[in-house]
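Peer 1: Provided below: structure28.txt, containing compact mmCIF, C-alpha atoms.
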```txt
# COMPACT_ATOMS: atom_id res chain seq x y z
CA ALA A 1448 19.49 -6.78 -75.99
CA PRO A 1449 20.10 -9.56 -78.51
CA LEU A 1450 23.02 -9.02 -80.89
CA ILE A 1451 22.02 -7.76 -84.32
CA ARG A 1452 24.50 -8.91 -86.95
CA ALA A 1453 25.66 -6.81 -89.89
CA ASP A 1454 23.27 -8.67 -92.20
CA GLY A 1455 20.30 -7.79 -89.98
CA SER A 1456 19.85 -11.26 -88.45
CA TRP A 1457 19.62 -11.63 -84.69
CA ASP A 1458 21.99 -13.72 -82.57
CA TRP A 1459 20.20 -14.89 -79.40
CA THR A 1460 23.05 -17.03 -78.03
CA ALA A 1461 24.40 -14.78 -75.26
CA TRP A 1462 20.97 -13.35 -74.47
CA ASP A 1463 19.48 -16.81 -73.93
CA VAL A 1464 22.35 -17.82 -71.63
CA GLU A 1465 21.93 -14.64 -69.57
CA PHE A 1466 18.15 -14.50 -69.27
CA GLY A 1467 16.78 -17.88 -70.29
CA PRO A 1468 17.11 -19.40 -66.78
CA LEU A 1469 14.86 -16.63 -65.41
CA LEU A 1470 12.26 -17.31 -68.06
CA ASP A 1471 12.08 -21.09 -67.67
CA GLY A 1472 12.62 -21.14 -63.90
CA SER A 1473 15.88 -23.09 -63.94
CA ALA A 1474 17.66 -20.15 -62.25
CA PHE A 1475 15.84 -21.11 -59.04
CA HIS A 1476 16.99 -24.72 -58.88
CA GLY A 1477 17.20 -25.93 -55.29
CA LEU A 1478 14.88 -23.23 -53.95
CA PRO A 1479 11.22 -23.59 -52.90
CA ARG A 1480 10.24 -21.93 -56.19
CA ALA A 1481 12.33 -24.29 -58.35
CA GLY A 1482 11.09 -24.30 -61.90
CA VAL A 1483 8.87 -21.22 -61.44
CA PRO A 1484 9.93 -18.42 -63.81
CA VAL A 1485 9.84 -14.72 -63.04
CA ASP A 1486 6.41 -13.08 -63.23
CA ALA A 1487 7.44 -10.26 -65.55
CA PHE A 1488 10.37 -9.35 -67.78
CA TYR A 1489 11.16 -5.91 -69.22
CA LEU A 1490 11.89 -5.94 -72.98
CA PRO A 1491 14.67 -3.78 -74.46
CA LEU A 1492 12.37 -2.37 -77.16
CA ASN A 1493 12.13 1.41 -77.06
CA GLU A 1494 11.89 4.44 -79.33
CA ASN A 1495 15.61 4.23 -80.11
CA TRP A 1496 16.16 0.44 -80.31
CA PRO A 1497 16.52 -1.33 -82.62
CA MET A 1498 15.50 1.67 -84.75
CA ASP A 1499 17.89 4.61 -84.98
CA HIS A 1500 15.79 7.49 -83.70
CA GLU A 1501 18.11 10.20 -85.04
CA LYS A 1502 17.89 8.68 -88.50
CA HIS A 1503 14.08 8.52 -88.55
CA PHE A 1504 12.72 11.42 -86.50
CA ARG A 1505 11.30 14.21 -88.67
CA GLY A 1506 10.17 16.62 -85.96
CA GLY A 1507 6.79 17.68 -84.69
CA TYR A 1508 4.87 16.89 -81.51
CA TRP A 1509 2.10 14.86 -83.17
CA ILE A 1510 3.32 11.34 -83.79
CA GLU A 1511 1.62 10.99 -87.20
CA SER A 1512 4.14 13.39 -88.72
CA ALA A 1513 7.15 12.33 -86.66
CA TYR A 1514 8.12 9.07 -88.39
CA ALA A 1515 7.87 7.58 -91.86
CA ASP A 1516 6.48 4.09 -92.44
CA ASP A 1517 9.93 2.46 -92.52
CA TYR A 1518 10.40 3.31 -88.82
CA TRP A 1519 7.22 1.47 -87.89
CA ARG A 1520 8.02 -1.48 -90.14
CA GLU A 1521 11.35 -1.93 -88.34
CA PHE A 1522 9.67 -1.63 -84.94
CA ARG A 1523 6.94 -4.18 -85.77
CA ALA A 1524 9.55 -6.57 -87.16
CA ALA A 1525 11.56 -6.35 -83.93
CA ALA A 1526 8.47 -7.02 -81.80
CA ALA A 1527 7.70 -10.01 -84.02
CA ARG A 1528 11.21 -11.40 -83.53
CA PHE A 1529 10.72 -11.41 -79.76
CA ALA A 1530 7.34 -13.08 -80.11
CA GLU A 1531 8.69 -15.72 -82.48
CA HIS A 1532 11.71 -16.53 -80.31
CA PHE A 1533 9.82 -16.69 -77.01
CA ALA A 1534 7.09 -18.87 -78.49
CA ALA A 1535 9.70 -21.24 -79.91
CA LYS A 1536 11.39 -21.45 -76.49
CA GLY A 1537 8.09 -22.21 -74.76
CA TRP A 1538 8.38 -19.22 -72.44
CA THR A 1539 4.65 -18.85 -71.91
CA GLU A 1540 4.41 -18.03 -68.18
CA PRO A 1541 6.13 -14.63 -67.73
CA MET A 1542 4.59 -11.35 -68.83
CA PHE A 1543 6.96 -9.79 -71.37
CA GLU A 1544 6.63 -6.08 -70.85
CA PHE A 1545 7.00 -3.38 -73.49
CA TYR A 1546 7.45 -0.17 -71.53
CA LEU A 1547 8.58 3.29 -72.66
CA ASN A 1548 10.04 5.26 -69.76
CA ASN A 1549 11.84 8.26 -71.24
CA LYS A 1550 10.75 11.90 -70.92
CA VAL A 1551 11.46 14.62 -73.47
CA TYR A 1552 12.14 17.20 -70.76
CA PHE A 1553 15.26 15.27 -69.75
CA LYS A 1554 16.83 17.17 -72.64
CA ARG A 1555 16.10 20.44 -70.83
CA ASP A 1556 16.93 19.18 -67.34
CA ARG A 1557 20.27 17.69 -68.37
CA GLY A 1558 21.96 20.78 -69.74
CA ASN A 1559 19.73 21.52 -72.74
CA ARG A 1560 21.33 18.61 -74.58
CA TRP A 1561 19.34 16.93 -77.34
CA ASP A 1562 21.42 13.75 -76.86
CA ALA A 1563 20.44 13.50 -73.18
CA CYS A 1564 17.28 11.59 -74.09
CA SER A 1565 15.93 10.01 -77.27
CA ALA A 1566 12.24 10.48 -76.46
CA PRO A 1567 10.40 13.32 -78.24
CA TRP A 1568 7.45 12.92 -75.82
CA ILE A 1569 6.81 12.37 -72.14
CA PHE A 1570 6.37 8.61 -72.25
CA ASP A 1571 6.74 8.00 -68.52
CA GLU A 1572 4.06 9.79 -66.50
CA PRO A 1573 2.53 11.43 -69.60
CA VAL A 1574 1.14 14.94 -69.27
CA ASN A 1575 -0.08 16.28 -72.61
CA THR A 1576 -2.61 14.79 -75.00
CA GLN A 1577 0.24 14.34 -77.51
CA ASP A 1578 2.10 12.18 -74.95
CA PHE A 1579 -0.85 9.83 -74.47
CA TRP A 1580 -1.42 9.86 -78.22
CA ALA A 1581 2.19 8.85 -78.91
CA LEU A 1582 1.98 6.01 -76.36
CA ARG A 1583 -1.18 4.85 -78.10
CA ARG A 1584 0.57 4.63 -81.48
CA PHE A 1585 3.54 2.73 -80.07
CA GLY A 1586 1.19 0.34 -78.31
CA LEU A 1587 -0.87 -0.36 -81.42
CA GLU A 1588 2.26 -0.98 -83.48
CA PHE A 1589 3.63 -3.29 -80.78
CA TRP A 1590 0.47 -5.40 -80.73
CA ARG A 1591 0.52 -5.63 -84.53
CA GLY A 1592 4.09 -6.90 -84.35
CA VAL A 1593 3.65 -9.61 -81.73
CA ALA A 1594 0.34 -10.82 -83.20
CA ALA A 1595 2.22 -12.68 -85.94
CA HIS A 1596 3.55 -15.26 -83.45
CA PRO A 1597 1.08 -16.10 -80.66
CA GLY A 1598 2.13 -18.21 -77.70
CA ALA A 1599 4.13 -16.02 -75.34
CA ARG A 1600 2.40 -13.53 -73.04
CA PHE A 1601 3.09 -9.90 -73.88
CA THR A 1602 1.97 -6.70 -72.15
CA PHE A 1603 2.15 -3.01 -72.94
CA ARG A 1604 2.84 -1.09 -69.76
CA ALA A 1605 2.43 2.62 -69.07
CA ASP A 1606 3.17 4.46 -65.84
CA ILE A 1607 0.36 6.94 -65.27
CA SER A 1608 0.73 9.67 -62.66
CA ARG A 1609 -2.32 11.65 -63.80
CA PRO A 1610 -5.14 9.23 -64.65
CA GLU A 1611 -7.58 12.13 -64.64
CA TRP A 1612 -5.97 13.36 -67.90
CA GLN A 1613 -5.86 9.98 -69.63
CA ARG A 1614 -9.45 9.92 -70.89
CA ASP A 1615 -9.95 6.87 -73.15
CA LEU A 1616 -6.86 7.30 -75.32
CA LEU A 1617 -5.19 4.12 -74.04
CA ASP A 1618 -8.29 1.93 -73.65
CA HIS A 1619 -7.64 -1.59 -75.03
CA VAL A 1620 -4.06 -0.54 -75.87
CA THR A 1621 -2.24 -0.64 -72.56
CA SER A 1622 -2.67 -3.84 -70.58
CA VAL A 1623 -0.57 -2.96 -67.51
CA GLU A 1624 -1.05 0.44 -65.90
CA VAL A 1625 1.16 1.45 -62.98
CA VAL A 1626 -0.66 4.36 -61.38
CA SER A 1627 0.53 6.87 -58.81
CA GLY A 1628 -1.13 7.45 -55.47
CA ALA A 1629 -3.82 9.21 -57.52
CA LEU A 1630 -5.33 5.73 -57.68
CA ARG A 1631 -6.81 6.55 -54.27
CA THR A 1632 -8.51 9.69 -55.61
CA TYR A 1633 -9.51 8.34 -59.03
CA ARG A 1634 -10.10 4.75 -58.01
CA GLU A 1635 -13.47 4.47 -59.75
CA ARG A 1636 -12.03 5.76 -63.02
CA VAL A 1637 -8.88 3.60 -62.98
CA MET A 1638 -10.49 0.39 -61.78
CA GLY A 1639 -13.51 0.89 -64.02
CA ARG A 1640 -11.15 1.05 -67.00
CA ALA A 1641 -9.31 -2.00 -65.74
CA GLU A 1642 -12.54 -3.96 -65.54
CA ARG A 1643 -13.68 -2.91 -69.02
CA CYS A 1644 -10.32 -3.53 -70.67
CA GLY A 1645 -8.91 -6.37 -68.57
CA ASN A 1646 -5.91 -4.37 -67.29
CA LEU A 1647 -3.50 -5.28 -64.54
CA VAL A 1648 -3.18 -2.28 -62.21
CA ALA A 1649 -0.44 -1.55 -59.70
CA MET A 1650 0.20 1.50 -57.51
CA TYR A 1651 3.63 3.09 -57.41
CA GLY A 1652 5.17 5.15 -54.64
CA ALA A 1653 8.13 5.29 -52.27
CA ALA A 1654 8.87 2.85 -49.49
CA ASN A 1655 8.94 4.10 -45.93
CA ARG A 1656 11.92 6.12 -44.76
CA ILE A 1657 14.48 4.41 -42.56
CA GLY A 1658 13.65 5.10 -38.93
CA THR A 1659 9.90 4.94 -39.51
CA SER A 1660 7.67 1.96 -38.90
CA ASN A 1661 8.22 -1.00 -41.21
CA THR A 1662 4.50 -1.65 -40.97
CA MET A 1663 4.15 0.67 -43.97
CA PRO A 1664 5.18 -1.74 -46.79
CA ALA A 1665 2.83 -4.48 -45.56
CA ALA A 1666 -0.04 -2.05 -44.96
CA TRP A 1667 0.47 -0.52 -48.41
CA CYS A 1668 0.16 -3.96 -50.05
CA VAL A 1669 -3.05 -4.71 -48.16
CA GLU A 1670 -4.53 -1.26 -48.84
CA THR A 1671 -3.80 -1.58 -52.57
CA TRP A 1672 -5.48 -5.00 -52.73
CA ALA A 1673 -8.47 -3.57 -50.89
CA LEU A 1674 -8.73 -0.80 -53.50
CA GLY A 1675 -9.03 -3.49 -56.19
CA ALA A 1676 -5.54 -3.28 -57.71
CA ASP A 1677 -3.05 -6.08 -58.28
CA GLY A 1678 0.24 -4.94 -56.78
CA VAL A 1679 2.58 -2.19 -55.63
CA VAL A 1680 5.70 -0.83 -57.31
CA PRO A 1681 8.14 0.83 -54.91
CA TRP A 1682 9.89 3.64 -56.73
CA GLN A 1683 13.57 2.62 -56.87
CA THR A 1684 14.80 -0.48 -55.08
CA ILE A 1685 18.54 -0.85 -55.68
CA GLY A 1686 20.89 0.89 -53.27
CA LYS A 1687 24.38 2.21 -53.86
CA ALA A 1688 27.46 1.39 -51.80
CA GLY A 1689 26.95 4.50 -49.65
CA ALA A 1690 23.60 3.18 -48.42
CA TRP A 1691 25.46 1.00 -45.91
CA GLN A 1692 26.60 4.18 -44.09
CA THR A 1693 23.98 6.78 -45.05
CA PRO A 1694 20.26 5.99 -44.67
CA ASP A 1695 18.64 5.64 -48.08
CA HIS A 1696 14.95 4.76 -48.11
CA LEU A 1697 15.19 3.78 -51.79
CA SER A 1698 17.54 0.89 -50.92
CA LEU A 1699 15.36 -2.18 -50.67
CA PHE A 1700 18.38 -4.19 -51.82
CA TYR A 1701 21.90 -3.45 -50.55
CA PRO A 1702 24.90 -4.14 -52.80
CA THR A 1703 27.77 -6.46 -51.82
CA PRO A 1704 30.53 -8.07 -53.91
CA ALA A 1705 28.69 -11.38 -53.49
CA GLY A 1706 25.38 -10.00 -54.71
CA PRO A 1707 22.39 -8.10 -53.31
CA VAL A 1708 21.28 -8.34 -49.68
CA PRO A 1709 17.59 -7.84 -48.83
CA SER A 1710 16.57 -5.11 -46.42
CA LEU A 1711 14.18 -5.54 -43.52
CA ARG A 1712 11.76 -3.36 -45.44
CA LEU A 1713 11.84 -5.81 -48.35
CA LYS A 1714 10.82 -8.53 -45.90
CA ALA A 1715 7.97 -6.26 -44.77
CA PHE A 1716 6.82 -6.12 -48.40
CA ARG A 1717 6.91 -9.92 -48.42
CA ALA A 1718 4.70 -9.99 -45.31
CA GLY A 1719 2.23 -7.74 -47.11
CA GLN A 1720 2.34 -9.95 -50.19
CA GLN A 1721 1.59 -13.02 -48.10
CA LEU A 1722 -1.32 -11.30 -46.39
CA THR A 1723 -2.83 -10.25 -49.73
CA GLU A 1724 -2.57 -13.90 -50.78
CA TYR A 1725 -4.65 -14.78 -47.73
CA LEU A 1726 -7.18 -12.19 -48.89
CA ALA A 1727 -7.19 -13.60 -52.44
CA MET A 1728 -7.79 -17.10 -51.07
CA TYR A 1729 -10.56 -15.85 -48.81
CA ALA A 1730 -12.25 -14.05 -51.73
CA ALA A 1731 -12.07 -17.19 -53.89
CA LEU A 1732 -13.35 -19.57 -51.20
CA SER A 1733 -15.96 -17.42 -49.46
CA GLY A 1734 -17.78 -16.32 -52.59
CA GLN A 1735 -18.00 -12.79 -51.23
CA ASN A 1736 -17.62 -9.77 -53.47
CA ARG A 1737 -14.03 -8.52 -53.52
CA ALA A 1738 -15.13 -4.90 -53.32
CA ALA A 1739 -17.07 -5.65 -50.14
CA ILE A 1740 -14.07 -7.46 -48.64
CA GLY A 1741 -11.86 -4.51 -49.58
CA ALA A 1742 -14.20 -2.02 -47.95
CA ALA A 1743 -14.18 -4.07 -44.75
CA VAL A 1744 -10.37 -4.20 -44.78
CA LEU A 1745 -10.06 -0.44 -45.28
CA ALA A 1746 -12.38 0.08 -42.32
CA GLU A 1747 -9.80 -1.58 -40.04
CA PRO A 1748 -8.06 0.95 -37.74
CA GLY A 1749 -5.00 2.61 -39.25
CA LEU A 1750 -5.34 1.27 -42.82
CA ARG A 1751 -6.39 4.57 -44.37
CA PRO A 1752 -3.05 6.33 -44.98
CA VAL A 1753 -1.95 9.94 -45.02
CA VAL A 1754 -0.21 10.79 -48.31
CA GLU A 1755 3.07 12.70 -48.06
CA LYS A 1756 4.51 14.47 -51.15
CA ARG A 1757 7.18 17.15 -51.44
CA SER A 1758 5.91 18.37 -54.83
CA GLU A 1759 3.25 17.62 -57.42
CA ALA A 1760 5.74 15.53 -59.40
CA ASP A 1761 7.02 13.60 -56.37
CA ALA A 1762 6.17 9.88 -56.38
CA GLY A 1763 5.33 10.35 -52.72
CA GLY A 1764 4.95 8.05 -49.79
CA VAL A 1765 2.28 7.27 -47.24
CA ARG A 1766 2.04 7.12 -43.48
CA PHE A 1767 -0.34 4.66 -41.86
CA GLY A 1768 -1.84 5.14 -38.44
CA PRO A 1769 -0.24 3.69 -35.28
CA GLU A 1770 -3.02 1.08 -35.11
CA ALA A 1771 -2.00 -0.44 -38.48
CA GLY A 1772 0.44 -2.98 -37.03
CA LEU A 1773 -2.16 -4.48 -34.69
CA ALA A 1774 -4.79 -4.37 -37.45
CA LEU A 1775 -2.55 -6.36 -39.81
CA ALA A 1776 -1.65 -8.92 -37.14
CA THR A 1777 -5.30 -9.40 -36.19
CA LEU A 1778 -6.35 -9.66 -39.85
CA ARG A 1779 -3.69 -12.28 -40.50
CA GLN A 1780 -4.79 -14.37 -37.52
CA ARG A 1781 -8.47 -14.19 -38.41
CA LEU A 1782 -7.90 -15.07 -42.06
CA GLY A 1783 -5.40 -17.77 -41.19
CA HIS A 1784 -7.81 -19.43 -38.78
CA TRP A 1785 -10.64 -19.31 -41.32
CA LEU A 1786 -8.45 -20.75 -44.10
CA ASP A 1787 -7.11 -23.43 -41.78
CA THR A 1788 -10.62 -24.67 -41.09
CA LYS A 1789 -11.31 -24.83 -44.83
CA ALA A 1790 -8.01 -26.64 -45.54
CA PRO A 1791 -8.16 -25.96 -49.29
CA ALA A 1792 -6.01 -27.97 -51.69
CA PRO A 1793 -3.07 -26.01 -53.09
CA ARG A 1794 -3.42 -24.13 -56.36
CA ASP A 1795 -0.78 -22.57 -58.56
CA ARG A 1796 -2.77 -19.34 -58.51
CA TRP A 1797 -5.77 -18.25 -56.50
CA HIS A 1798 -6.09 -15.19 -58.69
CA ASP A 1799 -4.37 -14.62 -62.03
CA PRO A 1800 -3.98 -10.89 -62.72
CA ARG A 1801 -2.10 -11.40 -65.99
CA PRO A 1802 -3.90 -9.52 -68.76
CA ALA A 1803 -4.80 -11.04 -72.09
CA VAL A 1804 -2.92 -10.08 -75.24
CA ARG A 1805 -4.57 -7.10 -76.89
CA ASP A 1806 -6.22 -7.15 -80.31
CA PRO A 1807 -5.71 -3.69 -81.87
CA ALA A 1808 -8.97 -4.13 -83.77
CA THR A 1809 -11.04 -4.15 -80.56
CA GLY A 1810 -10.12 -0.66 -79.41
CA ARG A 1811 -11.96 2.50 -80.24
CA GLU A 1812 -10.82 4.11 -83.47
CA PHE A 1813 -9.70 7.73 -83.35
CA HIS A 1814 -9.19 10.09 -86.28
CA VAL A 1815 -7.09 13.23 -86.37
CA LEU A 1816 -8.96 16.17 -87.82
CA ALA A 1817 -6.88 18.42 -90.03
CA THR A 1818 -7.11 22.12 -89.24
CA PRO A 1819 -7.59 24.63 -92.07
```
Could I get this file's structure written as structure tokens?

Peer 2:
Amino acid sequence: APLIRADGSWDWTAWDVEFGPLLDGSAFHGLPRAGVPVDAFYLPLNENWPMDHEKHFRGGYWIESAYADDYWREFRAAAARFAEHFAAKGWTEPMFEFYLNNKVYFKRDRGNRWDACSAPWIFDEPVNTQDFWALRRFGLEFWRGVAAHPGARFTFRADISRPEWQRDLLDHVTSVEVVSGALRTYRERVMGRAERCGNLVAMYGAANRIGTSNTMPAAWCVETWALGADGVVPWQTIGKAGAWQTPDHLSLFYPTPAGPVPSLRLKAFRAGQQLTEYLAMYAALSGQNRAAIGAAVLAEPGLRPVVEKRSEADAGGVRFGPEAGLALATLRQRLGHWLDTKAPAPRDRWHDPRPAVRDPATGREFHVLATP
């Protein structure tokens, strides 16, 4: 996070040196993507920064009674500082992501310690109405803060494992929703909301286990595109030193003293990403309905997966049929041949999934009814 001086001013010097090259693309000098910044960047804003949660929290599980107005004023001011600084720097391409990922039950699961987690709600994978309601309030306050300085591209992200419980509490508040494999079951609900509200939607889950077919990451990317969503989020990606000796399916990157080394499975994700780009180009050039293209893709042999979960709370993984590898290879060849005959001129983007900045005034207004 930026340094906050004793007088309350912010010192961006070290922060800009560390992260600025990612946000203007200069970090990639000499590479094919030279000058292209990262797609998304996770902001340090949370329920306990820069505000002191212990100082402000007044108790209760409904957010209206949990904090006084000075807490929200400090939060909005911090959001505005990010918006002002990024706009002044001209960092307009990346999506700057406000994302709350703490869970109140970490206090219970980590030795019944109140200091084990600052969140008084389940922000990540919300369960109760109060959790969704608290996310809504944080989102509205965030949008009010960044609205003072337009220019940079901000998003409010929520990870939703149970979209069937979400109702309309986050409509026009979240702009990025990372949904569990329940996207397959509640596709109409999730994608209908995305269409109404202009959301970016990704599906999260686990990468394939080591020793299983590396077709899975590529097939997962293609399946997710065919369902109408915009990307996949593998749960955990950074391995520990022991992953070099002990198989760890969460290690998409392996650590070395010289920096991270990509796994073969990461390259399989890249193959899936490239194939979904073929599909995006085909959709743009053919004029065909994306839903119809997606249905045709999912009808290919092996591209309807079997979901594997060890518990209800498990992020889970999927297993594609043995025909999936041939189906992907054939699909790539057919699309590649078709695109080659069209020979389209290059574009920076064939499809831009980045959501628009939210206007808190456009969302549905809710009122809490006092009980006698």

Peer 1: For CA of Leu1547 in chain A and CA of Phe1585 in chain A, quote the distance in Å rounded to one decimal.

Peer 2: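 Straight-line distance from CA of Leu1547 in chain A to CA of Phe1585 in chain A works out to 9.0 Å.
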
Peer 1: Please return as a PyMOL selection string every residue within 12 Å of (16.8, 10.5, -76.0), taking into account only C-alpha atoms and the file's own coordinates.

Peer 2: chain A and resi 1493-1496+1499-1501+1504+1547-1555+1557+1559-1570

Peer 1: Skipping near chain neighbours, those fewer than 6 positions away, what residues fall within 9 Å of Ala1534 in chain A using all atoms listed in the file, listed as a PyMOL selection string?

Peer 2: chain A and resi 1596-1600

Peer 1: For Gly1658 in chain A, find every residue with an atom within 12 Å (counting all atoms listed in the file), except residues of its own chain fewer than 2 positions away, and show them as a list in words.

Peer 2: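 In the requested format, the answer is Ala1654, Asn1655, Arg1656, Ser1660, Asn1661, Thr1662, Met1663, Pro1694, Asp1695, His1696, Leu1711 and Arg1712 of chain A.
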
Peer 1: When distances are computed from all atoms listed in the file, which of A:Ala1739, A:Leu1674, A:Ala1526, A:Ala1730 shows the smallest separation from Glu1544 in chain A?

Peer 2: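 Looking at the shortest contact to Glu1544 in chain A, the residue is A:Ala1526.
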
Peer 1: As a list in words, please: the residues near range 1513-1519 of chain A (cut-off 7 Å, all atoms listed in the file, same-chain neighbours under 5 positions excluded).

Peer 2: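 Contacts, in chain order: Met1498, His1503, Phe1504, Arg1505, Gly1506 and Gly1507 of chain A.
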